[in-house]
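What follows is one structure encoded as structure tokens, with my remarks underneath.
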Amino acid sequence: MKNKPVVVIDSCSYTYLNLPLSLTEKVNLWALLKRNAKLTCSPEVVAESNRNPQTLVKQALELDGMRHKFSKTSIEDYEQHLFGKVLNPKDGDKGERDNFAVSLDLFWSGSFGTVYLTDDENHDILNKFLPAFPICQRWTSFDVILFLYLREHKQVFSKEFAEGAVRDLIAHFRENARSSLQNQKEKEGRDNFWFSETFKKAHDRFVNLQTQYLSRIEIIFNYLQN
Amino acid sequence: MGLRSNPFENVNPIKGSNLTWAGVPNIKATVTEIYRESYAQNSRKIVLNWGPYGGGKTHAAFYFEKNRLPEIPMESQIQFYTTLPKNGTASIRDLVIHCLEFLGTKAIHKILTDSLALNGREKLVEAIHEKVRNETWARTILAFASSMSSDLLLRYVNDGIPKAKLGQYHLFKLLKSNEDFTDFFAAFIVAATLNAPRRVFLWVDEMEDLIGFPAKDFKAFTQMIRDLTDKVGEKMTIFLNFTLAENEEQTLRFLMGDALWSRINQKIRFEELSVEEGIAYCSDMIKSAQLEGKKGRQPFTESAIRLLLEFLPSNKMTPREINKAMSQLINYSIERKESIINEKVVIDFKNANLLL
């Protein structure tokens with residue numbers, strides 16, 4: 001692939017893409033994405049992963065090697081101009097914010113194929129900054145699956161594997177949602193009715209998400225067939 | 001108020017209780033017809049029951065467990081009910097165990113000994129072998145049919161027989177793989193229905209939880225349903241209950257996967273009720289709890305029921321939500337010592353913000 005997109009990854013998406021695929025042990029999404037894109041991230045994402053006790057040494061080194069080197073100006077300067085202050089790690093979404101600074105720095109360096117990858121749904125960058133700066137696409141891990149299916153359908157990533165990857169991720173997200181609600185229920189003394197009604201809403205969201213992405217895979221499949 | 005009890009009290013159906021079929025006569029007729037068809041045509045069928053939360057799918061499963069075809073003896077109607085097992089990896093094993101435990105040791109033993117008496121050893125083994133393509137399971141079923149011990153089969157499927165003791169019971173191997181469990185269950189169903197007037201009805205509830213299965217488990221489970229129906233081949237109906245908030249068949253196809261979707265023979269939509277259907281539903285429920293001598297919809301007036309249902313948003317016009325609203329209204333009326341529930345009571349009830 002001559003021109004590869006530059007994908008700015010966050011730590012959650014890094015974790016999701018590294019999950020094993022249940023239908024094949026030969027590849028995972030991360031390995032495929034590395035083959036088909038240039039990957040980078042902000043120094044804060046590297047630091048976040050280092051702080052996470054579940055990160056393997058190999059993974060920490062891998063991410064460290066992808067750390068973006070700012071060229072236009074420093075990260076602190078970007079933070080000051082974009083967010084009105086220099087962020088510190090205690091600011092919850094420093095990783096996402098600094099990744100946006102990376103995207104902007106890539107733009108000023110002449111890169112126009114940047115992808116801002118995050119699975120987080122509600123943060124300022126998505127709601128405020130990405131709409132204001134049309135300099136990159138926003139992807140989730142599910143979009144990575146679509147991209148990889150399009151790129152690798154002839155090699156290792158068939159329609160079955162792409163659909164399987166969607167199902168695996170949805171199952172993982174749903175289980176995370178269930179256990180996090182269970183914890184919240186116990187912590188806040190909520191009743192079973194609260195739990196089932198709240199989980200029902202989460203379930204419906206996952207139904208929509210799964211349907212959306214499986215139907216997109218079908219659209220790509222039909223295109224590839226014709 | 002002239003009621004033996006609050007007929008709307010149980011918002012969720014309770015398994016094993018005497019349930020009333022209320023309203024939606026078309027759904028009752030359709031399911032009844034599917035049961036009849038199984039006897040008339042020896043059919044093999046997968047039926048998809050789908051619709052919103054609280055739409056009556058589980059209720060239908062519980063109702064038909066107790067109220068099967070009156071013209072057919074109960075022992076000729078083998079009914080299994082299970083929810084989709086939550087552990088995807090063990091889902092096939094768990095489904096088979098749930099089903100057999102649901103039937104119980106005595107019933108299992110009687111079914112198999114009857115089949116052996118009816119068909120003889122060789123015919124039984126041959127027929128299972130021919131359909132399931134596996135002689136081990138044919139001979140395993142024969143061992144259970146010949147055994148004096150009625151709980152042997154359940155002990156076996158639950159890993160209760162050590163490998164070293166298998167020979168003592170004329171058994172060959174333990175159930176290990178998904179294929180083992182599928183074939184074993186198919187062998188049991190073939191034996192149960194062989195040359196007998198018996199039919200099997202398997203209800204799998206909460207199929208929407210398939211979305212929680214990783215792809216490998218999803219594939220294995222949907223394949224198992226296909227293999228089971230293919231191997232048994234006849235005299236079996238599988239009802240799959242699938243809750244879906246939206247009204248899009250296309251969504252179901254994606255969620256169930258093409259492999260299973262292509263095998264669905266009939267779909268029954270458990271829809272939200274119209275106001276008229278809601279009134280019919282409430283009327284049947286009220287009648288089921290009225291004291292002798294009470295008439296019509298007492299203690300409700302028809303206009304009161306209509307008004308209450310008109311207050312409910314259309315996506316809440318399901319039996320479960322109607323039960324909630326009607327039950328709260330009854331409790332409110334009891335507190336106010338109302339003997340008749342008319343429009344005024346309903347308006348007061350709504351104005352008191354009790355209609356949640």
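How things are named: the first chain in the structure tokens is A, the next is B, and so on; residues count from 1 in each chain; ligands count from 1 in the order shown.
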
Under the rule of at most 7 Å, produce a per-residue listing of chain B near chain A: chain, number, name, the closest pair of atoms, and the distance in Å, as CSV, using only C-alpha atoms.
```
residue,atom,partner,partner_atom,distance
B:Ile211,CA,A:Ala171,CA,6.3
B:Gly212,CA,A:Ala171,CA,4.3
B:Phe213,CA,A:Ala171,CA,5.6
B:Pro214,CA,A:Asp168,CA,4.4
B:Ala215,CA,A:Gly164,CA,4.8
B:Lys216,CA,A:Ser22,CA,5.3
B:Thr251,CA,A:Thr211,CA,5.9
B:Phe254,CA,A:Thr211,CA,5.9
B:Leu255,CA,A:Thr211,CA,6.9
```

Written file, previous selection with N, CA and C atoms, as a compact mmCIF listing (two decimals), in the first residue's frame:
```txt
# COMPACT_ATOMS: atom_id res chain seq x y z
N ILE B 211 -26.73 -11.74 21.18
CA ILE B 211 -25.84 -10.61 20.89
C ILE B 211 -24.67 -10.58 21.89
N GLY B 212 -24.83 -11.23 23.02
CA GLY B 212 -23.75 -11.28 24.01
C GLY B 212 -22.76 -12.41 23.76
N PHE B 213 -23.01 -13.22 22.72
CA PHE B 213 -22.09 -14.33 22.44
C PHE B 213 -20.96 -13.87 21.51
N PRO B 214 -19.71 -14.18 21.85
CA PRO B 214 -18.65 -13.96 20.86
C PRO B 214 -18.95 -14.78 19.60
N ALA B 215 -18.33 -14.38 18.49
CA ALA B 215 -18.68 -14.97 17.19
C ALA B 215 -18.58 -16.49 17.17
N LYS B 216 -17.57 -17.03 17.83
CA LYS B 216 -17.37 -18.48 17.80
C LYS B 216 -18.57 -19.20 18.46
N THR B 251 -33.32 -6.21 10.80
CA THR B 251 -32.46 -6.22 11.98
C THR B 251 -32.33 -7.64 12.53
N PHE B 254 -29.83 -9.74 10.65
CA PHE B 254 -28.44 -9.48 11.03
C PHE B 254 -28.12 -10.08 12.39
N LEU B 255 -29.06 -9.97 13.32
CA LEU B 255 -28.79 -10.43 14.67
C LEU B 255 -28.73 -11.96 14.75
```

Exercise for review: Extract, using only C-alpha atoms, all DNA, RNA and protein residues at most 10 Å from region 49-66 of chain A, discarding same-chain residues fewer than 6 positions from it, and format them as a list of chain:residue names.
Suggested key: A:Val8, A:Ile9, A:Asp10, A:Ser11, A:Cys12, A:Tyr14, A:Thr15, A:Asn18, A:Lys38, A:Leu39, A:Thr40, A:Cys41, A:Ser42, A:Pro43

Resulting file, chosen residues, N, CA and C atoms, as a short mmCIF file (atom, residue, chain, number, x, y, z; two decimals), in the first residue's frame:
```cif
data_model
loop_
_atom_site.label_atom_id
_atom_site.label_comp_id
_atom_site.auth_asym_id
_atom_site.auth_seq_id
_atom_site.Cartn_x
_atom_site.Cartn_y
_atom_site.Cartn_z
N VAL A 8 -4.45 7.97 14.47
CA VAL A 8 -4.06 8.41 15.82
C VAL A 8 -4.92 7.61 16.80
N ILE A 9 -4.27 6.76 17.57
CA ILE A 9 -5.04 5.80 18.38
C ILE A 9 -5.11 6.23 19.84
N ASP A 10 -6.21 5.89 20.49
CA ASP A 10 -6.26 6.13 21.93
C ASP A 10 -6.11 4.80 22.68
N SER A 11 -5.95 4.88 23.99
CA SER A 11 -5.57 3.66 24.71
C SER A 11 -6.70 2.63 24.78
N CYS A 12 -7.97 3.10 24.84
CA CYS A 12 -9.07 2.12 24.88
C CYS A 12 -9.13 1.35 23.57
N TYR A 14 -6.84 0.87 21.49
CA TYR A 14 -5.66 -0.01 21.41
C TYR A 14 -5.98 -1.34 22.11
N THR A 15 -6.60 -1.24 23.27
CA THR A 15 -6.96 -2.46 24.01
C THR A 15 -7.96 -3.30 23.21
N ASN A 18 -6.59 -5.13 20.26
CA ASN A 18 -5.69 -6.22 20.63
C ASN A 18 -6.40 -7.45 21.18
N LYS A 38 -0.38 3.81 9.09
CA LYS A 38 0.70 4.31 9.95
C LYS A 38 0.04 4.68 11.27
N LEU A 39 0.58 4.17 12.35
CA LEU A 39 -0.08 4.38 13.64
C LEU A 39 0.74 5.33 14.50
N THR A 40 0.02 6.19 15.17
CA THR A 40 0.72 7.10 16.05
C THR A 40 -0.19 7.45 17.23
N CYS A 41 0.36 8.09 18.23
CA CYS A 41 -0.46 8.51 19.37
C CYS A 41 0.29 9.60 20.14
N SER A 42 -0.42 10.24 21.04
CA SER A 42 0.20 11.30 21.82
C SER A 42 1.03 10.68 22.96
N PRO A 43 1.99 11.42 23.49
CA PRO A 43 2.78 10.89 24.63
C PRO A 43 1.87 10.50 25.80
#
```

Point to revise | Residues within 9 Å of Asn12 (chain B), only C-alpha atoms, excluding chain neighbours under 5 positions, as a ChimeraX atom specification | key: /B:54,58-59,320,323

Practice item. Within 10 Å of Thr193 (chain B), counting only C-alpha atoms, which residues show up once you throw out same-chain ones fewer than 6 positions away? Write them as a list in words, please. Key: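 Counting only the stated atoms, we get Asn42, Ser76, Gln77, Ile78, Ile111, Leu112, Ser115, Arg199, Val200, Val232, Glu234, Lys235 and Met236 of chain B.
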
Exercise for review: Based on DSSP run over this structure's backbone, return all residues of region 10-180 of chain B in alpha helix (DSSP H), as number ranges by chain.
Suggested key: B: 25-41, 57-66, 91-103, 105-119, 121-132, 135-146, 152-157, 178-180

Practice item. Determine, counting only C-alpha atoms, which protein, DNA and RNA residues have an atom within 8 Å of an atom of region 142-151 of chain B; residues of the same chain fewer than 4 positions away are not included. Present the result as a ChimeraX atom specification. Key: /B:105-106,108-109,112-113,115-116,121,124-125,138,155,169-171

Check your understanding: Which residue gives the smallest distance to Leu106 (chain A) among A:Ser13, A:Gln225, A:Thr73, A:Thr140, with only C-alpha atoms counted?
Key -> A:Thr73

Exercise for review: Excluding region 128-132 of chain A and residues on its chain fewer than 5 positions from it, collect all residues at most 10 Å away from it, counting only C-alpha atoms, and give them as an MDAnalysis selection string.
Suggested key: chainID A and resid 82:83 97 100 116 123 137:138
